[in-house]
Each structure stands twice: as C-alpha cells, then as structure tokens.
Amino acid sequence: MRRRYGRYARYALPAATTLLLAACATSSPVAQIDKDTYLLTASSRWRDNDGVAVQGLQQADAYCRNLGKRMRVVGSERSEGVAGFLPPKVMLSFKCDAI
C-alpha cells in the first residue's frame with residue numbers, strides 16, 4: 001500500500017521549525033524620528049544578543065534599500081535579557097542616506 005504523504009513528509013519538520021522560529025523573532029515597525037532618521041526595535045527568544053543585533057541591522061538595511069538609499073547606523077542600545085524571562089533586545093537608530 002502506498003503512503004499518501006510520504007513524498008512531502010521530509011519537508012514538514014524543517015518548514016514547521018522555520019515558521020516557529022520566525023514567529024518568535026519580533027521587531028517594531030520602523031518609526032521616523034527625524035528627517036531621514038529612523039528607529040527600529042528588534043528582539044528574539046531564540047537568538048543571542050549578537051543575533052538580534054544582526055537581525056535589526058538587516059531589517060534597517062532592507063528598509064533603506066526599499067527607499068533606494070543606503071543605511072547608516074547613528075546609535076544603538078542592546079540589552080542582554082534574562083534567559084527564560086526577557087529576550088535580548090536591540091534599539092537601533094539609523095539614517096537612510098542618498099547613494
């Protein structure tokens with residue numbers, strides 16, 4: 001007898017894991033705080049402090065690229081968090097400069 005889902009079963013676990021991890025990483029919408037200056041807050045229960053910082057930088061860079069500009073960090077604050085209670089967090093202020 002042939003299995004119905006055997007062909008796709010090997011994709012189920014990696015897909016579910018990816019969705020679960022993506023759901024646990026959060027960031028605030030980019031907020032404009034001055035002319036061409038923006039603020040972004042990112043956090044994740046599944047990444048360490050450096051991973052959250054990289055996540056924030058990637059999101060800021062993508063935001064500026066969408067505007068046809070280049071991202072430049074002007075300030076940042078990071079909190080380590082507390083394992084199991086508070087996730088690590090990064091607040092990133094950046095400018096979108098003309099290319």
# chains A, B, ... in the order shown; residues from 1 in each chain; ligands from 1

call {"tool": "residues_around", "arguments": {"residues": "Gly81 (chain A)", "least_positions_apart": "2", "cutoff": "12 Å", "atoms": "only C-alpha atoms", "output": "MDAnalysis selection string"}}
result
chainID A and resid 43:50 52 78:79 83:90

call {"tool": "write_last_selection", "arguments": {"atoms": "N, CA and C atoms", "output": "PDB file, in the first residue's frame"}}
result
ATOM      1  N   SER A  43      13.791  41.985  18.808  1.00  0.00           N
ATOM      2  CA  SER A  43      14.064  41.035  19.882  1.00  0.00           C
ATOM      3  C   SER A  43      13.736  39.631  19.414  1.00  0.00           C
ATOM      4  N   SER A  44      14.292  38.651  20.114  1.00  0.00           N
ATOM      5  CA  SER A  44      14.020  37.255  19.767  1.00  0.00           C
ATOM      6  C   SER A  44      14.337  36.357  20.962  1.00  0.00           C
ATOM      7  N   ARG A  45      13.443  35.456  21.259  1.00  0.00           N
ATOM      8  CA  ARG A  45      13.698  34.481  22.334  1.00  0.00           C
ATOM      9  C   ARG A  45      14.677  33.400  21.883  1.00  0.00           C
ATOM     10  N   TRP A  46      14.873  33.246  20.587  1.00  0.00           N
ATOM     11  CA  TRP A  46      15.681  32.139  20.074  1.00  0.00           C
ATOM     12  C   TRP A  46      17.057  32.558  19.593  1.00  0.00           C
ATOM     13  N   ARG A  47      17.396  33.837  19.711  1.00  0.00           N
ATOM     14  CA  ARG A  47      18.709  34.299  19.281  1.00  0.00           C
ATOM     15  C   ARG A  47      19.418  34.955  20.443  1.00  0.00           C
ATOM     16  N   ASP A  48      20.751  34.930  20.392  1.00  0.00           N
ATOM     17  CA  ASP A  48      21.505  35.640  21.407  1.00  0.00           C
ATOM     18  C   ASP A  48      21.559  37.122  21.049  1.00  0.00           C
ATOM     19  N   ASN A  49      22.234  37.900  21.874  1.00  0.00           N
ATOM     20  CA  ASN A  49      22.262  39.341  21.687  1.00  0.00           C
ATOM     21  C   ASN A  49      22.849  39.738  20.338  1.00  0.00           C
ATOM     22  N   ASP A  50      23.925  39.061  19.918  1.00  0.00           N
ATOM     23  CA  ASP A  50      24.520  39.374  18.617  1.00  0.00           C
ATOM     24  C   ASP A  50      23.581  39.025  17.468  1.00  0.00           C
ATOM     25  N   VAL A  52      20.336  39.085  17.521  1.00  0.00           N
ATOM     26  CA  VAL A  52      19.279  40.090  17.481  1.00  0.00           C
ATOM     27  C   VAL A  52      19.806  41.371  16.846  1.00  0.00           C
ATOM     28  N   ARG A  78      21.677  47.927  23.354  1.00  0.00           N
ATOM     29  CA  ARG A  78      21.362  46.499  23.418  1.00  0.00           C
ATOM     30  C   ARG A  78      21.142  46.093  24.860  1.00  0.00           C
ATOM     31  N   SER A  79      20.204  45.188  25.069  1.00  0.00           N
ATOM     32  CA  SER A  79      20.019  44.597  26.397  1.00  0.00           C
ATOM     33  C   SER A  79      20.176  43.089  26.255  1.00  0.00           C
ATOM     34  N   ALA A  83      17.636  34.863  30.482  1.00  0.00           N
ATOM     35  CA  ALA A  83      17.261  33.577  29.888  1.00  0.00           C
ATOM     36  C   ALA A  83      15.950  33.058  30.479  1.00  0.00           C
ATOM     37  N   GLY A  84      14.995  32.781  29.613  1.00  0.00           N
ATOM     38  CA  GLY A  84      13.718  32.229  30.021  1.00  0.00           C
ATOM     39  C   GLY A  84      12.670  33.257  30.401  1.00  0.00           C
ATOM     40  N   PHE A  85      13.071  34.506  30.634  1.00  0.00           N
ATOM     41  CA  PHE A  85      12.120  35.535  31.058  1.00  0.00           C
ATOM     42  C   PHE A  85      12.025  36.699  30.079  1.00  0.00           C
ATOM     43  N   LEU A  86      13.146  37.344  29.804  1.00  0.00           N
ATOM     44  CA  LEU A  86      13.176  38.503  28.911  1.00  0.00           C
ATOM     45  C   LEU A  86      14.122  38.229  27.751  1.00  0.00           C
ATOM     46  N   PRO A  87      13.653  38.360  26.525  1.00  0.00           N
ATOM     47  CA  PRO A  87      14.532  38.114  25.379  1.00  0.00           C
ATOM     48  C   PRO A  87      15.521  39.267  25.190  1.00  0.00           C
ATOM     49  N   PRO A  88      16.682  38.995  24.577  1.00  0.00           N
ATOM     50  CA  PRO A  88      17.590  40.082  24.246  1.00  0.00           C
ATOM     51  C   PRO A  88      16.916  41.047  23.280  1.00  0.00           C
ATOM     52  N   LYS A  89      17.292  42.322  23.374  1.00  0.00           N
ATOM     53  CA  LYS A  89      16.636  43.346  22.578  1.00  0.00           C
ATOM     54  C   LYS A  89      17.671  44.344  22.070  1.00  0.00           C
ATOM     55  N   VAL A  90      17.423  44.895  20.893  1.00  0.00           N
ATOM     56  CA  VAL A  90      18.280  45.952  20.357  1.00  0.00           C
ATOM     57  C   VAL A  90      17.398  47.095  19.857  1.00  0.00           C
TER      58      VAL A  90
END

call {"tool": "residues_around", "arguments": {"residues": "Val30 (chain A)", "least_positions_apart": "6", "cutoff": "12 Å", "atoms": "only C-alpha atoms", "output": "ChimeraX atom specification"}}
result
/A:36-42,56-57,59-64,91-96

call {"tool": "atom_distance", "arguments": {"atom1": "CA of Glu80 (chain A)", "atom2": "CA of Arg65 (chain A)"}}
result
28.6 Å

call {"tool": "atom_distance", "arguments": {"atom1": "CA of Arg70 (chain A)", "atom2": "CA of Ile99 (chain A)"}}
result
5.9 Å

call {"tool": "atom_distance", "arguments": {"atom1": "CA of Gly68 (chain A)", "atom2": "CA of Ala53 (chain A)"}}
result
22.7 Å
